[in-house]
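Okay, so here's the structure we're looking at.
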Amino acid sequence: MIRPPAVAGRFYPSEVKELARQIAEFAPATSTGKIAARGCVVPHAGYLYSGHVAGAVYSSLEIPARCILLGPRHYPRGEAMAILSQGSWQTPLGDAPVDAKLAAELMQACPRLREDAVAHEREHSLEVQIPFLQRLAPDFRFVPVVLGADRYPLLEELGHAVAKVVAAQSERVLVIASTDMNHYENDAFTRVKDARAIERILALDPRGLYDTVRAEGITMCGYAATTAMLVAMRDLGAESAELVRYATSGDITGERDEVVGYAGLIVR
């Protein structure tokens with residue numbers, strides 16, 4: 001199965017040279033000071049708005065050959081816990097292969113995952129990550145999972161399964177959680193709300209993040225994915241997290257009345 005790009009030309013350039021130029025700008029290639037992280041949090045808005053935040057994370061990482069991508073399902077169609085276990089994803093930079101072996105192991109560890117192309121068909125939360133990974137780790141393979149589920153026990157179950165599968169590998173696997181932060185409130189209020197969520201991520205506190213987002217009305221679209229990632233990180237023995245970059249769309253547009261927040265974090 002080949003999944004064609006759904007948002008090329010809208011969220012990121014469809015022209016190869018311009019796409020490569022933007023990624024080089026947002027995530028400049030360096031050979032020193034790379035971090036062998038266990039996990040990370042990156043935004044998924046259009047590159048114009050959040051590419052500099054995602055790029056700051058990716059350029060600081062020693063990206064391994066295998067990644068698990070967790071993100072929200074923004075559209076109502078499809079399974080609540082949807083995986084694609086075979087084939088490849090097309091971007092203007094070429095085809096990115098799904099890690100079929102790792103996907104099969106994750107489906108066995110978490111039987112609630114369902115093979116579902118419909119949930120992935122139009123979804124951008126994972127797609128916008130792929131060009132960064134293609135440029136910075138050309139031989140990478142990945143497992144894509146998008147979530148419509150938002151009950152904590154389901155997210156905890158997925159997180160435990162991710163950790164079990166990652167721990168069983170002979171090589172490092174990076175777990176990437178894709179999320180934007182608070183949506184469409186003023187800049188000052190958004191920064192306060194986002195700081196509360198970020199505090200829980202930095203504390204490696206999945207239940208705390210889940211409860212804070214829901215209690216405070218923080219419209220963090222990928223909080224479920226981030227919660228599952230944090231469960232996995234705790235199981236894997238992660239010791240710390242750091243905020244690499246934070247911004248809002250207002251920093252780009254100058255419009256402060258209705259913004260979206262973007263956070264990039266690394267978990268070691």
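Residues in the structure tokens are named by chain (A, B, ... in the order shown) and by number from 1 within that chain; ligands are numbered from 1 in the order shown.
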Inset, instruction - Run DSSP on the backbone and grab whatever in range 22-248 of chain A lands in helix (DSSP H, G or I); send it over as a PyMOL selection string. - result: chain A and resi 22-26+47-60+100-109+117-121+127-136+152-167+187-202+206-216+223-235
Legend entry - Contact residues around range 208-210 of chain A with only C-alpha atoms at 12 Å, ignoring same-chain residues under 5 positions, as a VMD selection string: chain A and resid 150 to 153 155 to 156 193 to 203 215 to 231
Legend entry - Residues near Met81 in chain A, cut-off 10 Å, only C-alpha atoms, skip fewer than 2 positions along chain, as a ChimeraX atom specification: /A:72-73,78-79,83,110-116,119,145-150,154-155,158
Inset, instruction - Using only C-alpha atoms, determine which residues lie at most 9 Å from Ile23 in chain A, disregarding the query and same-chain residues fewer than 3 positions distant; provide the list as number ranges by chain. - result: A: 18-20, 26-28, 47, 51-52, 55, 131-132, 135
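With only C-alpha atoms as the atoms that count, the minimum distance from Pro97 in chain A to the choices A:Ser170, A:Gly159, A:Met1, A:Ser178 is reached by A:Met1.
Minimum atom-to-atom distance to Tyr184 in chain A, evaluated using only C-alpha atoms, belongs to A:Gly250 out of A:Arg245, A:Gly250, A:Leu126, A:Met107.
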Inset, instruction - Give me the residues within 6 Å of Arg268 in chain A as a PyMOL selection string, counting only C-alpha atoms and dropping any in the same chain fewer than 2 places off. - result: chain A and resi 37-38+238+240
Write the selection just made, keeping C-alpha atoms, as an mmCIF file, in the first residue's frame?
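Output file part02.cif follows:
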```
data_model
loop_
_atom_site.group_PDB
_atom_site.id
_atom_site.type_symbol
_atom_site.label_atom_id
_atom_site.label_comp_id
_atom_site.auth_asym_id
_atom_site.auth_seq_id
_atom_site.Cartn_x
_atom_site.Cartn_y
_atom_site.Cartn_z
ATOM 1 C CA ALA A 37 16.547 10.692 23.119
ATOM 2 C CA ARG A 38 13.890 8.102 23.920
ATOM 3 C CA ALA A 238 13.232 7.932 31.149
ATOM 4 C CA SER A 240 14.228 13.788 32.314
#
```
Inset, instruction - Return as a ChimeraX atom specification the full set of residues in range 4-249 of chain A whose backbone-based DSSP assignment is strand (DSSP E or B). - result: /A:8,12,35,39-42,61,66-72,81-83,88-91,94-98,114-115,141-147,173-178,183-185,241-248
Would you write out those residues with C-alpha atoms, as a tab-separated table (two decimals), in the first residue's frame?
```tsv
chain	number	residue	atom	x	y	z
A	8	ALA	CA	1.65	18.66	0.47
A	12	TYR	CA	4.44	22.12	3.57
A	35	ILE	CA	20.92	13.79	21.77
A	39	GLY	CA	10.99	10.31	22.88
A	40	CYS	CA	9.95	13.77	21.79
A	41	VAL	CA	6.97	16.07	21.34
A	42	VAL	CA	6.66	18.05	18.12
A	61	LEU	CA	18.29	14.64	17.96
A	66	ARG	CA	13.23	3.24	13.50
A	67	CYS	CA	10.50	5.50	14.88
A	68	ILE	CA	6.99	5.12	16.28
A	69	LEU	CA	4.77	8.12	15.49
A	70	LEU	CA	1.73	8.83	17.66
A	71	GLY	CA	-0.68	11.61	16.80
A	72	PRO	CA	-4.31	12.74	16.94
A	81	MET	CA	-6.78	3.53	17.64
A	82	ALA	CA	-5.64	3.24	14.03
A	83	ILE	CA	-2.38	1.82	12.73
A	88	SER	CA	4.98	3.32	2.46
A	89	TRP	CA	4.03	6.98	2.67
A	90	GLN	CA	4.79	9.29	-0.22
A	91	THR	CA	6.05	12.84	0.18
A	94	GLY	CA	10.12	10.12	-2.00
A	95	ASP	CA	8.68	7.10	-0.22
A	96	ALA	CA	9.05	6.51	3.52
A	97	PRO	CA	8.60	2.82	4.40
A	98	VAL	CA	6.43	1.55	7.23
A	114	ARG	CA	-6.81	-1.66	14.31
A	115	GLU	CA	-5.45	-1.64	10.78
A	141	ARG	CA	11.34	3.34	8.91
A	142	PHE	CA	8.31	4.14	11.02
A	143	VAL	CA	5.07	2.91	12.56
A	144	PRO	CA	2.13	5.36	12.26
A	145	VAL	CA	-0.63	5.42	14.90
A	146	VAL	CA	-3.41	8.02	15.13
A	147	LEU	CA	-5.81	8.26	18.03
A	173	VAL	CA	13.52	3.34	18.65
A	174	LEU	CA	12.39	6.96	18.92
A	175	VAL	CA	8.79	7.54	20.06
A	176	ILE	CA	7.41	10.76	18.57
A	177	ALA	CA	4.23	12.40	19.89
A	178	SER	CA	2.69	14.91	17.50
A	183	HIS	CA	-6.02	26.67	20.15
A	184	TYR	CA	-7.71	29.98	19.29
A	185	GLU	CA	-7.52	31.95	22.51
A	241	ALA	CA	12.54	15.99	29.74
A	242	GLU	CA	13.46	19.39	28.42
A	243	LEU	CA	11.64	22.12	26.54
A	244	VAL	CA	13.59	22.88	23.36
A	245	ARG	CA	11.37	25.63	21.97
A	246	TYR	CA	7.95	27.17	22.54
A	247	ALA	CA	6.11	29.63	20.31
A	248	THR	CA	2.65	30.65	19.25
```
Legend entry - Counting only C-alpha atoms, the option among A:Ala188, A:Met233, A:Val16, A:Ala6 closest to Leu93 in chain A: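 Between A:Ala188, A:Met233, A:Val16, A:Ala6, the residue approaching Leu93 in chain A most closely is A:Val16.
For the set A:Ala65, A:Val162, A:Ile130, A:Met181, the residue with the smallest atom-to-atom gap to Ala263 in chain A is A:Met181, counting only C-alpha atoms.
When only C-alpha atoms are used to measure the gap to Ser125 in chain A, the shortest distance among A:Pro43, A:Gly33, A:Pro138, A:Gly254 belongs to A:Pro43.
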